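A short worksheet on the structure shown next.
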Amino acid sequence: MRKYISEFLGTAFLVIFSTVALIYVSTFSIGQLFDVMAVLGLAIALLMFVFGQFADGGHFNPAVSLAAALNKQISWKTFGFYLLSQVIGAMVGAYAAVTTLVPVINAQMSSSAQSTGQAASVKAQQIFDTLQPTASVASLPVSLMIEGIFTFILVFVTVLAFQKMPKQAPVIAGLGMTLSAFVAYPLTSGLLNPARAFAPVLFAGLGSTGHVWFFLIVEFIAAALAGLAVLYFVKEDKKAA
């Protein structure tokens, strides 16, 4: 039970860190986009150091857990409970971050509106809308390709680190997240994590976007391919030895 609670807490805090950082940049103009990606990388490294010792290194991402299950690092039963813990953790993290910051945003907007004489406010659902993966119909194929490629890279690096360099895995995963998200996020807003992509949709409404389902499918396919790639390289490495 402790490992599932660790995955829940780790995912919740990861989503809180990423959501707050994104809102700071988009609404308060504090920092730049690369700062958000750096926060993501640091958050993953920190949370893996804290909770990883209780939860198979610390995944906080269903894509990573799927690849780990394919490599027999965890059982399929554990994968199922990890998936549930991660989705619930992402929902709690997203809700906590958005509902906490909405009053702050509205207070700032109200203060600015007094000088212009125009009323202004934002609702939580509007924030959840901005946190969903985005793509137009024309750009959807390219966005999905980018999301798939960088999900593959992130998962491959992380799961390979679990197997070959477990002590350095938090740092490697953090670097992988920072670099991958820096390239992918401006184009897809996906953050390479199915739980994090799905959580805002639940609060905004399942009918608010149809793109998220494509992103979830692509992320899981990329994760499965990354898991098989790790299996191949580790197997070949053992043969060479």
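In the structure tokens, the first chain shown is A, the next is B, and so on; residue numbers restart at 1 for each chain, and ligands run from 1 in the order shown.
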
Task: Residue neighbourhood A:Tyr185, 12 Å, only C-alpha atoms, exclusion window fewer than 5 positions, as a VMD selection string - done: chain A and resid 18 22 33 to 34 36 to 37 40 131 to 135 143 to 144 146 to 147 150 to 151 177 to 180 190 to 193 197

- [ ] Fewer than 3 positions away in the same chain doesn't count, so skip those; otherwise give me all residues within 9 Å of stretch 72-77 of chain A, counting only C-alpha atoms, as a list of chain:residue names.
- [x] A:Asp56, A:Ser65, A:Leu66, A:Ala67, A:Ala68, A:Ala69, A:Gly80, A:Phe81, A:Tyr82, A:Val159, A:Phe162, A:Gln163

- [ ] Find the spatial neighbours of A:Pro170, counting only C-alpha atoms, within a cut-off of 7 Å - ignore same-chain residues fewer than 3 positions away - and output them as a ChimeraX atom specification.
- [x] /A:44-45,48-49,173-174

Generate the output file for the selected residues, all heavy atoms, as a JSON list (two decimals), in the first residue's frame.
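To be explicit, this is the file written out as result-v3.json:
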[["chain", "number", "residue", "atom", "x", "y", "z"],
["A", 44, "ILE", "N", 10.75, 16.31, -10.69],
["A", 44, "ILE", "CA", 10.83, 14.85, -10.88],
["A", 44, "ILE", "C", 12.03, 14.29, -10.12],
["A", 44, "ILE", "O", 11.93, 13.26, -9.44],
["A", 44, "ILE", "CB", 10.93, 14.52, -12.38],
["A", 44, "ILE", "CG1", 9.56, 14.71, -13.03],
["A", 44, "ILE", "CG2", 11.41, 13.08, -12.59],
["A", 44, "ILE", "CD1", 9.53, 14.39, -14.49],
["A", 45, "ALA", "N", 13.17, 14.95, -10.22],
["A", 45, "ALA", "CA", 14.36, 14.47, -9.51],
["A", 45, "ALA", "C", 14.11, 14.45, -8.01],
["A", 45, "ALA", "O", 14.41, 13.46, -7.32],
["A", 45, "ALA", "CB", 15.55, 15.37, -9.84],
["A", 48, "MET", "N", 11.48, 11.73, -7.05],
["A", 48, "MET", "CA", 12.04, 10.38, -7.17],
["A", 48, "MET", "C", 12.98, 10.08, -6.02],
["A", 48, "MET", "O", 13.02, 8.96, -5.51],
["A", 48, "MET", "CB", 12.74, 10.22, -8.51],
["A", 48, "MET", "CG", 11.79, 10.12, -9.69],
["A", 48, "MET", "SD", 12.61, 10.06, -11.31],
["A", 48, "MET", "CE", 13.39, 8.43, -11.23],
["A", 49, "PHE", "N", 13.75, 11.07, -5.60],
["A", 49, "PHE", "CA", 14.63, 10.88, -4.44],
["A", 49, "PHE", "C", 13.82, 10.62, -3.18],
["A", 49, "PHE", "O", 14.20, 9.78, -2.35],
["A", 49, "PHE", "CB", 15.52, 12.11, -4.24],
["A", 49, "PHE", "CG", 16.79, 12.09, -5.05],
["A", 49, "PHE", "CD1", 17.08, 13.12, -5.94],
["A", 49, "PHE", "CD2", 17.70, 11.05, -4.93],
["A", 49, "PHE", "CE1", 18.25, 13.11, -6.69],
["A", 49, "PHE", "CE2", 18.88, 11.03, -5.67],
["A", 49, "PHE", "CZ", 19.14, 12.06, -6.55],
["A", 173, "ALA", "N", 16.30, 11.10, -15.16],
["A", 173, "ALA", "CA", 14.89, 11.33, -15.51],
["A", 173, "ALA", "C", 14.56, 12.82, -15.50],
["A", 173, "ALA", "O", 13.82, 13.30, -16.37],
["A", 173, "ALA", "CB", 13.99, 10.58, -14.54],
["A", 174, "GLY", "N", 15.12, 13.55, -14.53],
["A", 174, "GLY", "CA", 14.87, 14.99, -14.47],
["A", 174, "GLY", "C", 15.43, 15.71, -15.68],
["A", 174, "GLY", "O", 14.77, 16.58, -16.26]]

Quick one: contact table of stretch 114-187 of chain A to stretch 224-235 of chain A, 12 Å max, nearest atom pair and distance in Å to one decimal per residue, counting only C-alpha atoms, chain and number order, as CSV?
residue,atom,partner,partner_atom,distance
A:Gly148,CA,A:Leu225,CA,9.9
A:Ile149,CA,A:Ala226,CA,9.8
A:Phe150,CA,A:Ala226,CA,10.4
A:Thr151,CA,A:Ala226,CA,8.5
A:Phe152,CA,A:Ala226,CA,5.3
A:Ile153,CA,A:Ala226,CA,7.4
A:Leu154,CA,A:Ala226,CA,8.7
A:Val155,CA,A:Ala226,CA,6.1
A:Phe156,CA,A:Ala226,CA,4.8
A:Val157,CA,A:Ala226,CA,8.7
A:Thr158,CA,A:Ala226,CA,9.8
A:Val159,CA,A:Val230,CA,7.2
A:Leu160,CA,A:Val230,CA,6.0
A:Ala161,CA,A:Val230,CA,9.8
A:Phe162,CA,A:Val230,CA,10.5
A:Gln163,CA,A:Val234,CA,8.4
A:Lys164,CA,A:Val234,CA,8.5

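Across the structure, atom CA of A:Gln126 and atom CA of A:Pro200 are spaced 10.2 Å apart.
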
I'd like the contact shell of A:Lys123 - 12 Å cut-off, only C-alpha atoms, skipping same-chain residues fewer than 6 positions apart - returned as a PDB file with N, CA and C atoms, in the first residue's frame.
ATOM      1  N   VAL A  98      -5.150  24.780  -9.201  1.00  0.00           N
ATOM      2  CA  VAL A  98      -6.014  25.744  -9.899  1.00  0.00           C
ATOM      3  C   VAL A  98      -6.927  26.473  -8.922  1.00  0.00           C
ATOM      4  N   THR A  99      -7.586  25.732  -8.027  1.00  0.00           N
ATOM      5  CA  THR A  99      -8.526  26.379  -7.111  1.00  0.00           C
ATOM      6  C   THR A  99      -7.812  27.299  -6.122  1.00  0.00           C
ATOM      7  N   THR A 100      -6.553  27.019  -5.853  1.00  0.00           N
ATOM      8  CA  THR A 100      -5.785  27.903  -4.969  1.00  0.00           C
ATOM      9  C   THR A 100      -5.398  29.190  -5.666  1.00  0.00           C
ATOM     10  N   LEU A 101      -5.047  29.102  -6.943  1.00  0.00           N
ATOM     11  CA  LEU A 101      -4.541  30.271  -7.658  1.00  0.00           C
ATOM     12  C   LEU A 101      -5.623  31.135  -8.293  1.00  0.00           C
ATOM     13  N   VAL A 102      -6.811  30.583  -8.548  1.00  0.00           N
ATOM     14  CA  VAL A 102      -7.869  31.375  -9.179  1.00  0.00           C
ATOM     15  C   VAL A 102      -8.214  32.628  -8.367  1.00  0.00           C
ATOM     16  N   PRO A 103      -8.399  32.542  -7.042  1.00  0.00           N
ATOM     17  CA  PRO A 103      -8.661  33.776  -6.282  1.00  0.00           C
ATOM     18  C   PRO A 103      -7.517  34.784  -6.374  1.00  0.00           C
ATOM     19  N   VAL A 104      -6.290  34.297  -6.427  1.00  0.00           N
ATOM     20  CA  VAL A 104      -5.133  35.192  -6.554  1.00  0.00           C
ATOM     21  C   VAL A 104      -5.156  35.890  -7.909  1.00  0.00           C
ATOM     22  N   ILE A 105      -5.454  35.120  -8.951  1.00  0.00           N
ATOM     23  CA  ILE A 105      -5.532  35.690 -10.302  1.00  0.00           C
ATOM     24  C   ILE A 105      -6.627  36.746 -10.367  1.00  0.00           C
ATOM     25  N   ASN A 106      -7.802  36.426  -9.797  1.00  0.00           N
ATOM     26  CA  ASN A 106      -8.921  37.356  -9.847  1.00  0.00           C
ATOM     27  C   ASN A 106      -8.644  38.619  -9.043  1.00  0.00           C
ATOM     28  N   ASP A 129      -9.040  24.542 -19.111  1.00  0.00           N
ATOM     29  CA  ASP A 129      -9.034  24.501 -20.575  1.00  0.00           C
ATOM     30  C   ASP A 129      -7.636  24.758 -21.133  1.00  0.00           C
ATOM     31  N   THR A 130      -6.919  25.688 -20.516  1.00  0.00           N
ATOM     32  CA  THR A 130      -5.583  26.040 -21.017  1.00  0.00           C
ATOM     33  C   THR A 130      -4.542  24.970 -20.686  1.00  0.00           C
ATOM     34  N   PHE A 203     -12.003  17.981 -15.297  1.00  0.00           N
ATOM     35  CA  PHE A 203     -12.582  19.162 -14.653  1.00  0.00           C
ATOM     36  C   PHE A 203     -13.197  20.123 -15.672  1.00  0.00           C
ATOM     37  N   ALA A 204     -12.621  20.178 -16.856  1.00  0.00           N
ATOM     38  CA  ALA A 204     -13.158  21.068 -17.888  1.00  0.00           C
ATOM     39  C   ALA A 204     -14.374  20.455 -18.568  1.00  0.00           C
TER      40      ALA A 204
END

Open item on the list: Neighbouring residues of A:Phe198 were defined as those with any atom within 8 Å, considering only C-alpha atoms; residues of the same chain fewer than 2 positions away were excluded. Please report them as number ranges by chain.
Closed with: A: 87, 132, 194-196, 200-202, 212, 216

Go ahead and write the residues just picked, N, CA, C and O atoms, as an mmCIF file, in the first residue's frame.
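Produced file out-v5.cif, reproduced below:
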data_model
loop_
_atom_site.group_PDB
_atom_site.id
_atom_site.type_symbol
_atom_site.label_atom_id
_atom_site.label_comp_id
_atom_site.auth_asym_id
_atom_site.auth_seq_id
_atom_site.Cartn_x
_atom_site.Cartn_y
_atom_site.Cartn_z
ATOM 1 N N VAL A 87 -3.505 8.645 -11.754
ATOM 2 C CA VAL A 87 -4.632 9.427 -12.271
ATOM 3 C C VAL A 87 -5.299 10.205 -11.144
ATOM 4 O O VAL A 87 -5.597 11.401 -11.280
ATOM 5 N N GLN A 132 -4.989 21.696 -21.045
ATOM 6 C CA GLN A 132 -5.169 20.508 -21.862
ATOM 7 C C GLN A 132 -4.198 20.502 -23.041
ATOM 8 O O GLN A 132 -3.766 21.563 -23.496
ATOM 9 N N PRO A 194 0.312 10.866 -19.574
ATOM 10 C CA PRO A 194 -1.128 10.662 -19.748
ATOM 11 C C PRO A 194 -1.968 11.101 -18.553
ATOM 12 O O PRO A 194 -3.069 11.634 -18.742
ATOM 13 N N ALA A 195 -1.491 10.892 -17.330
ATOM 14 C CA ALA A 195 -2.264 11.287 -16.151
ATOM 15 C C ALA A 195 -2.405 12.797 -16.078
ATOM 16 O O ALA A 195 -3.490 13.329 -15.813
ATOM 17 N N ARG A 196 -1.313 13.495 -16.356
ATOM 18 C CA ARG A 196 -1.343 14.954 -16.311
ATOM 19 C C ARG A 196 -2.190 15.513 -17.461
ATOM 20 O O ARG A 196 -2.881 16.520 -17.309
ATOM 21 N N PRO A 200 -6.907 17.645 -16.352
ATOM 22 C CA PRO A 200 -7.644 18.883 -16.631
ATOM 23 C C PRO A 200 -8.924 18.658 -17.426
ATOM 24 O O PRO A 200 -9.894 19.397 -17.275
ATOM 25 N N VAL A 201 -8.935 17.623 -18.275
ATOM 26 C CA VAL A 201 -10.110 17.335 -19.098
ATOM 27 C C VAL A 201 -11.287 16.916 -18.227
ATOM 28 O O VAL A 201 -12.449 17.259 -18.502
ATOM 29 N N LEU A 202 -11.011 16.185 -17.157
ATOM 30 C CA LEU A 202 -12.078 15.753 -16.267
ATOM 31 C C LEU A 202 -12.764 16.941 -15.603
ATOM 32 O O LEU A 202 -13.981 16.921 -15.375
ATOM 33 N N VAL A 212 -7.552 15.175 -26.759
ATOM 34 C CA VAL A 212 -6.850 14.525 -25.661
ATOM 35 C C VAL A 212 -6.815 13.015 -25.833
ATOM 36 O O VAL A 212 -5.837 12.364 -25.463
ATOM 37 N N LEU A 216 -3.548 10.662 -25.597
ATOM 38 C CA LEU A 216 -3.406 9.541 -24.663
ATOM 39 C C LEU A 216 -3.000 8.265 -25.402
ATOM 40 O O LEU A 216 -2.121 7.529 -24.945
#

- [ ] Mind giving me the straight-line distance from atom CA of A:Gln108 to atom CA of A:Thr27 in Å, one decimal?
- [x] 9.9 Å

- [ ] Taking the DSSP assignment computed from this structure's backbone, write out as a PyMOL selection string all residues of stretch 96-210 of chain A that belong to alpha helix (DSSP H).
- [x] chain A and resi 96-116+124-130+140-164+169-188+194-204

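The smallest atom-to-atom distance between A:Phe128 and any of A:Val183, A:Met145, A:Val64, A:Ile23, using only C-alpha atoms, is found for A:Ile23.
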
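Atom CA of A:Ala12 is positioned 5.0 Å from atom CA of A:Ala90.
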